[in-house]
Amino acid sequence: MLKLCGFHVSNYHNKVRIALLEKGIAFEEDANCIPSQKDEYLAKSPMGKVPYLVVDGTLLRESQVILEYLEDAYPQTPLLPKDPLERAQVRELIVFTELHMELVVRRLYGGLFFGRPFSDETKVEVERDIAKGVRAFKAVAKFDPFVAGRALTLADCAAFVHLPLVSMTTKLAFGRDYLEDIPQVKPYLGMLGERPAFARVNEDRKAAQAARIAAAKK
Ligand SMILES: N[C@@H](CCC(=O)N[C@@H](CS)C(=O)NCC(=O)O)C(=O)O
């Protein structure tokens, strides 16, 4: 039995949860897992992050590693194409989405959402780097109707959870949604959001976010 540990506001947790649901894999979930740098938590997740997956007592960390494991162990309902070059293109999309967009704007989350201000230098660097990331993503995204082409892939699981954060962060920090340069993004996210797995994860994210806001007001 698999157990996914994390929380429903986490984009990386949600990326894995969508893949599990889309593939129809049975799993348990601990959605109250709080990342920490304490020894007890680091013993489970050495970077102090979520998500992690428990596979019959063995722990796997890093969402992309977890997704690749799921593809290997549960080949039914594949979320990677068979052709090696097409598989590589899906992975390229994920790298552009995560390394060159989400991780770039993540540098501003502390200041924008948690009251930990960032420097002007950080803001300048993020503005420079996010423009490159968006340019790269735009160059390879197909929206036909899925981001890698005709079939749903792991790249859609990643895009669905990360792109809204890129939009929100660039809008708040720079007064402009940088993904507006790619007009297909909004209808594409809407289309994915109608799939039951994506809709469920999105609803749970909104509920968890609302609960957090309510708890912070108390
Ligand atoms: N590369 C990691 C990123 C995971 C990640 O950044 N998770 C966030 C929550 S969305 C986290 O645990 N943050 C806590 C921290 O960095 O201390 C993955 O793909 O699993």
# chains A, B, ... in the order shown; residues from 1 in each chain; ligands from 1
>>> residues_around(residues="segment 87-96 of chain A", least_positions_apart="3", cutoff="9 Å", atoms="only C-alpha atoms", output="PDB file with N, CA and C atoms, in the first residue's frame")
ATOM      1  N   GLN A  64       9.042  14.572  -8.480  1.00  0.00           N
ATOM      2  CA  GLN A  64       9.285  14.018  -9.818  1.00  0.00           C
ATOM      3  C   GLN A  64       9.792  12.581  -9.733  1.00  0.00           C
ATOM      4  N   LEU A  80       3.268   8.891 -19.353  1.00  0.00           N
ATOM      5  CA  LEU A  80       4.433   9.196 -20.187  1.00  0.00           C
ATOM      6  C   LEU A  80       4.241   8.448 -21.502  1.00  0.00           C
ATOM      7  N   PRO A  81       4.595   9.077 -22.632  1.00  0.00           N
ATOM      8  CA  PRO A  81       4.477   8.372 -23.922  1.00  0.00           C
ATOM      9  C   PRO A  81       5.456   7.197 -23.990  1.00  0.00           C
ATOM     10  N   LYS A  82       5.242   6.306 -24.952  1.00  0.00           N
ATOM     11  CA  LYS A  82       6.156   5.154 -25.116  1.00  0.00           C
ATOM     12  C   LYS A  82       7.458   5.575 -25.803  1.00  0.00           C
ATOM     13  N   ASP A  83       7.343   6.451 -26.790  1.00  0.00           N
ATOM     14  CA  ASP A  83       8.489   6.863 -27.589  1.00  0.00           C
ATOM     15  C   ASP A  83       9.510   7.643 -26.730  1.00  0.00           C
ATOM     16  N   PRO A  84      10.793   7.223 -26.764  1.00  0.00           N
ATOM     17  CA  PRO A  84      11.802   7.867 -25.906  1.00  0.00           C
ATOM     18  C   PRO A  84      11.920   9.377 -26.111  1.00  0.00           C
ATOM     19  N   LEU A  99      11.771  24.131 -12.769  1.00  0.00           N
ATOM     20  CA  LEU A  99      13.081  24.754 -12.512  1.00  0.00           C
ATOM     21  C   LEU A  99      13.126  26.202 -13.000  1.00  0.00           C
ATOM     22  N   HIS A 100      12.518  26.460 -14.167  1.00  0.00           N
ATOM     23  CA  HIS A 100      12.672  27.792 -14.772  1.00  0.00           C
ATOM     24  C   HIS A 100      11.470  28.716 -14.588  1.00  0.00           C
ATOM     25  N   MET A 101      10.388  28.209 -13.979  1.00  0.00           N
ATOM     26  CA  MET A 101       9.266  29.117 -13.663  1.00  0.00           C
ATOM     27  C   MET A 101       8.898  29.026 -12.172  1.00  0.00           C
ATOM     28  N   GLU A 102       8.413  27.854 -11.710  1.00  0.00           N
ATOM     29  CA  GLU A 102       7.931  27.813 -10.317  1.00  0.00           C
ATOM     30  C   GLU A 102       9.028  28.134  -9.317  1.00  0.00           C
ATOM     31  N   GLY A 133      12.024  31.825 -18.405  1.00  0.00           N
ATOM     32  CA  GLY A 133      11.275  30.585 -18.180  1.00  0.00           C
ATOM     33  C   GLY A 133       9.987  30.555 -18.980  1.00  0.00           C
ATOM     34  N   VAL A 134       9.273  31.677 -18.989  1.00  0.00           N
ATOM     35  CA  VAL A 134       8.012  31.748 -19.741  1.00  0.00           C
ATOM     36  C   VAL A 134       8.299  31.594 -21.241  1.00  0.00           C
ATOM     37  N   ALA A 136      10.729  29.934 -22.607  1.00  0.00           N
ATOM     38  CA  ALA A 136      11.068  28.528 -22.874  1.00  0.00           C
ATOM     39  C   ALA A 136       9.807  27.660 -22.882  1.00  0.00           C
ATOM     40  N   PHE A 137       8.951  27.878 -21.882  1.00  0.00           N
ATOM     41  CA  PHE A 137       7.718  27.083 -21.800  1.00  0.00           C
ATOM     42  C   PHE A 137       6.857  27.327 -23.045  1.00  0.00           C
ATOM     43  N   VAL A 140       7.763  25.380 -26.197  1.00  0.00           N
ATOM     44  CA  VAL A 140       7.562  23.929 -26.323  1.00  0.00           C
ATOM     45  C   VAL A 140       6.153  23.453 -25.971  1.00  0.00           C
ATOM     46  N   ALA A 141       5.353  24.297 -25.310  1.00  0.00           N
ATOM     47  CA  ALA A 141       4.003  23.862 -24.914  1.00  0.00           C
ATOM     48  C   ALA A 141       3.125  23.734 -26.157  1.00  0.00           C
ATOM     49  N   VAL A 147      -0.641  19.739 -22.676  1.00  0.00           N
ATOM     50  CA  VAL A 147       0.541  20.588 -22.848  1.00  0.00           C
ATOM     51  C   VAL A 147       1.622  19.914 -23.703  1.00  0.00           C
ATOM     52  N   ALA A 148       1.666  18.540 -23.656  1.00  0.00           N
ATOM     53  CA  ALA A 148       2.664  17.852 -24.479  1.00  0.00           C
ATOM     54  C   ALA A 148       2.065  17.278 -25.763  1.00  0.00           C
ATOM     55  N   THR A 153      -0.320  13.860 -19.765  1.00  0.00           N
ATOM     56  CA  THR A 153       0.979  13.369 -19.290  1.00  0.00           C
ATOM     57  C   THR A 153       1.315  13.970 -17.924  1.00  0.00           C
ATOM     58  N   LEU A 154       2.446  13.537 -17.413  1.00  0.00           N
ATOM     59  CA  LEU A 154       2.951  14.089 -16.148  1.00  0.00           C
ATOM     60  C   LEU A 154       3.148  15.607 -16.247  1.00  0.00           C
ATOM     61  N   ALA A 155       3.416  16.095 -17.450  1.00  0.00           N
ATOM     62  CA  ALA A 155       3.627  17.543 -17.616  1.00  0.00           C
ATOM     63  C   ALA A 155       2.348  18.318 -17.308  1.00  0.00           C
ATOM     64  N   ASP A 156       1.174  17.706 -17.551  1.00  0.00           N
ATOM     65  CA  ASP A 156      -0.088  18.376 -17.208  1.00  0.00           C
ATOM     66  C   ASP A 156      -0.283  18.411 -15.686  1.00  0.00           C
ATOM     67  N   ALA A 158       2.014  18.671 -13.535  1.00  0.00           N
ATOM     68  CA  ALA A 158       2.879  19.748 -13.047  1.00  0.00           C
ATOM     69  C   ALA A 158       2.331  21.124 -13.435  1.00  0.00           C
ATOM     70  N   ALA A 159       1.941  21.264 -14.702  1.00  0.00           N
ATOM     71  CA  ALA A 159       1.478  22.579 -15.175  1.00  0.00           C
ATOM     72  C   ALA A 159       0.259  23.050 -14.380  1.00  0.00           C
TER      73      ALA A 159
END
>>> residues_near_ligand(ligand="ligand 1", cutoff="8 Å", atoms="only C-alpha atoms and all ligand atoms", output="list in words")
Gly6, Val9, Ser10, Asn11, Tyr12, His13, Ile34, Pro35, Ser36, Gln37, Met47, Gly48, Lys49, Val50, Pro51, Tyr52, Arg61, Glu62, Ser63, Gln64 and Val65 of chain A
>>> select_by_dssp(residues="segment 10-210 of chain A", states="alpha helix (DSSP H)", output="PyMOL selection string")
chain A and resi 11-23+39-42+63-73+84-97+103-106+109-113+120-140+154-174+185-193+196-210
>>> write_last_selection(atoms="C-alpha atoms", output="CSV table (one decimal), in the first residue's frame")
chain,number,residue,atom,x,y,z
A,11,ASN,CA,1.6,22.4,-5.3
A,12,TYR,CA,4.2,19.6,-5.2
A,13,HIS,CA,1.9,17.4,-3.1
A,14,ASN,CA,-1.0,18.1,-5.4
A,15,LYS,CA,1.0,17.2,-8.5
A,16,VAL,CA,1.6,13.7,-7.1
A,17,ARG,CA,-2.0,13.4,-5.9
A,18,ILE,CA,-3.4,14.2,-9.3
A,19,ALA,CA,-1.2,11.6,-10.9
A,20,LEU,CA,-2.2,8.9,-8.4
A,21,LEU,CA,-5.9,9.7,-9.0
A,22,GLU,CA,-5.6,9.9,-12.8
A,23,LYS,CA,-3.8,6.5,-12.8
A,39,ASP,CA,15.5,15.9,13.3
A,40,GLU,CA,12.4,13.8,13.7
A,41,TYR,CA,11.0,15.1,10.4
A,42,LEU,CA,14.3,15.1,8.6
A,63,SER,CA,7.7,14.7,-6.4
A,64,GLN,CA,9.3,14.0,-9.8
A,65,VAL,CA,11.1,10.9,-8.5
A,66,ILE,CA,7.8,9.8,-7.0
A,67,LEU,CA,6.0,10.3,-10.4
A,68,GLU,CA,8.6,8.4,-12.3
A,69,TYR,CA,8.4,5.5,-9.7
A,70,LEU,CA,4.6,5.4,-10.2
A,71,GLU,CA,5.1,5.2,-14.0
A,72,ASP,CA,7.5,2.3,-13.6
A,73,ALA,CA,5.5,0.4,-10.9
A,84,PRO,CA,11.8,7.9,-25.9
A,85,LEU,CA,12.0,11.2,-27.6
A,86,GLU,CA,8.4,12.1,-26.7
A,87,ARG,CA,9.1,11.0,-23.1
A,88,ALA,CA,12.1,13.4,-23.1
A,89,GLN,CA,9.8,16.2,-24.4
A,90,VAL,CA,7.4,15.7,-21.4
A,91,ARG,CA,10.4,15.8,-19.0
A,92,GLU,CA,11.6,19.0,-20.8
A,93,LEU,CA,8.3,20.6,-20.2
A,94,ILE,CA,8.4,19.7,-16.5
A,95,VAL,CA,11.9,21.2,-16.1
A,96,PHE,CA,10.8,24.4,-17.8
A,97,THR,CA,7.7,24.6,-15.6
A,103,LEU,CA,11.3,27.8,-8.5
A,104,VAL,CA,12.1,31.2,-9.9
A,105,VAL,CA,8.9,32.9,-8.6
A,106,ARG,CA,9.1,30.8,-5.3
A,109,TYR,CA,6.5,33.7,-1.9
A,110,GLY,CA,8.0,34.5,1.5
A,111,GLY,CA,7.7,38.3,0.9
A,112,LEU,CA,4.3,38.1,-0.9
A,113,PHE,CA,2.5,35.6,1.3
A,120,ASP,CA,15.2,44.7,-4.6
A,121,GLU,CA,18.0,42.7,-6.1
A,122,THR,CA,16.0,39.5,-5.7
A,123,LYS,CA,13.0,41.1,-7.4
A,124,VAL,CA,15.2,42.2,-10.3
A,125,GLU,CA,16.6,38.7,-10.7
A,126,VAL,CA,13.2,37.0,-10.6
A,127,GLU,CA,11.8,39.4,-13.2
A,128,ARG,CA,14.8,38.6,-15.5
A,129,ASP,CA,14.6,34.8,-14.9
A,130,ILE,CA,10.9,34.4,-15.1
A,131,ALA,CA,10.8,36.1,-18.5
A,132,LYS,CA,13.3,33.4,-19.7
A,133,GLY,CA,11.3,30.6,-18.2
A,134,VAL,CA,8.0,31.7,-19.7
A,135,ARG,CA,9.7,32.1,-23.1
A,136,ALA,CA,11.1,28.5,-22.9
A,137,PHE,CA,7.7,27.1,-21.8
A,138,LYS,CA,5.9,29.0,-24.6
A,139,ALA,CA,8.4,27.6,-27.1
A,140,VAL,CA,7.6,23.9,-26.3
A,154,LEU,CA,3.0,14.1,-16.1
A,155,ALA,CA,3.6,17.5,-17.6
A,156,ASP,CA,-0.1,18.4,-17.2
A,157,CYS,CA,0.0,17.3,-13.5
A,158,ALA,CA,2.9,19.7,-13.0
A,159,ALA,CA,1.5,22.6,-15.2
A,160,PHE,CA,-1.9,22.5,-13.4
A,161,VAL,CA,-0.4,23.1,-10.0
A,162,HIS,CA,2.4,25.5,-10.9
A,163,LEU,CA,1.1,27.8,-13.6
A,164,PRO,CA,-1.5,29.5,-11.4
A,165,LEU,CA,1.3,30.3,-8.9
A,166,VAL,CA,3.4,31.8,-11.7
A,167,SER,CA,0.4,34.0,-12.7
A,168,MET,CA,-0.5,35.1,-9.2
A,169,THR,CA,3.1,35.9,-8.2
A,170,THR,CA,4.1,37.8,-11.3
A,171,LYS,CA,0.8,39.8,-11.0
A,172,LEU,CA,1.4,40.7,-7.4
A,173,ALA,CA,5.2,41.4,-7.7
A,174,PHE,CA,5.3,43.1,-11.2
A,185,VAL,CA,-2.9,28.9,-20.7
A,186,LYS,CA,-6.3,30.0,-19.2
A,187,PRO,CA,-8.5,27.8,-21.4
A,188,TYR,CA,-6.1,24.9,-21.0
A,189,LEU,CA,-6.2,25.1,-17.2
A,190,GLY,CA,-10.0,25.4,-17.4
A,191,MET,CA,-10.1,22.2,-19.5
A,192,LEU,CA,-7.9,20.3,-17.1
A,193,GLY,CA,-10.0,21.6,-14.2
A,196,PRO,CA,-12.5,14.7,-12.0
A,197,ALA,CA,-9.0,14.1,-10.5
A,198,PHE,CA,-7.9,17.7,-11.2
A,199,ALA,CA,-11.2,19.1,-9.9
A,200,ARG,CA,-11.0,17.1,-6.7
A,201,VAL,CA,-7.5,18.2,-5.9
A,202,ASN,CA,-8.4,21.8,-6.7
A,203,GLU,CA,-11.4,21.7,-4.5
A,204,ASP,CA,-9.4,20.2,-1.6
A,205,ARG,CA,-6.7,22.9,-2.1
A,206,LYS,CA,-9.3,25.7,-1.9
A,207,ALA,CA,-10.8,24.2,1.2
A,208,ALA,CA,-7.4,23.8,2.9
A,209,GLN,CA,-6.5,27.4,1.9
A,210,ALA,CA,-9.8,28.7,3.4
>>> closest_residue(among="A:Ala211, A:Lys142, A:His8, A:Lys3", to="Leu59 of chain A", atoms="only C-alpha atoms")
A:Lys3
>>> closest_residue(among="A:Leu53, A:Ile182, A:Ile213, A:Ala43", to="Glu28 of chain A", atoms="only C-alpha atoms")
A:Leu53
>>> select_by_dssp(residues="segment 45-173 of chain A", states="strand (DSSP E or B)", output="number ranges by chain")
A: 52-55, 58-61, 146, 149
>>> write_last_selection(atoms="N, CA and C atoms", output="PDB file, in the first residue's frame")
ATOM      1  N   TYR A  52       6.284  13.296   0.577  1.00  0.00           N
ATOM      2  CA  TYR A  52       7.022  12.048   0.451  1.00  0.00           C
ATOM      3  C   TYR A  52       6.015  10.910   0.342  1.00  0.00           C
ATOM      4  N   LEU A  53       6.482   9.822  -0.239  1.00  0.00           N
ATOM      5  CA  LEU A  53       5.602   8.675  -0.464  1.00  0.00           C
ATOM      6  C   LEU A  53       6.163   7.485   0.301  1.00  0.00           C
ATOM      7  N   VAL A  54       5.295   6.802   1.036  1.00  0.00           N
ATOM      8  CA  VAL A  54       5.720   5.588   1.745  1.00  0.00           C
ATOM      9  C   VAL A  54       5.261   4.393   0.911  1.00  0.00           C
ATOM     10  N   VAL A  55       6.224   3.584   0.493  1.00  0.00           N
ATOM     11  CA  VAL A  55       5.948   2.396  -0.328  1.00  0.00           C
ATOM     12  C   VAL A  55       6.320   1.176   0.508  1.00  0.00           C
ATOM     13  N   THR A  58       9.164   1.823   2.708  1.00  0.00           N
ATOM     14  CA  THR A  58      10.296   2.567   2.122  1.00  0.00           C
ATOM     15  C   THR A  58       9.820   3.967   1.750  1.00  0.00           C
ATOM     16  N   LEU A  59      10.639   4.970   2.077  1.00  0.00           N
ATOM     17  CA  LEU A  59      10.225   6.351   1.820  1.00  0.00           C
ATOM     18  C   LEU A  59      10.886   6.896   0.553  1.00  0.00           C
ATOM     19  N   LEU A  60      10.082   7.568  -0.256  1.00  0.00           N
ATOM     20  CA  LEU A  60      10.595   8.228  -1.462  1.00  0.00           C
ATOM     21  C   LEU A  60      10.295   9.709  -1.359  1.00  0.00           C
ATOM     22  N   ARG A  61      11.303  10.523  -1.632  1.00  0.00           N
ATOM     23  CA  ARG A  61      11.110  11.970  -1.601  1.00  0.00           C
ATOM     24  C   ARG A  61      11.297  12.546  -3.003  1.00  0.00           C
ATOM     25  N   PHE A 146      -3.535  18.862 -24.683  1.00  0.00           N
ATOM     26  CA  PHE A 146      -2.700  18.795 -23.480  1.00  0.00           C
ATOM     27  C   PHE A 146      -1.366  19.481 -23.755  1.00  0.00           C
ATOM     28  N   GLY A 149       0.797  17.523 -26.020  1.00  0.00           N
ATOM     29  CA  GLY A 149       0.196  17.027 -27.263  1.00  0.00           C
ATOM     30  C   GLY A 149      -1.146  16.359 -27.040  1.00  0.00           C
TER      31      GLY A 149
END
>>> closest_residue(among="A:Lys44, A:Lys217, A:Phe143, A:Arg116", to="Pro183 of chain A", atoms="only C-alpha atoms")
A:Phe143
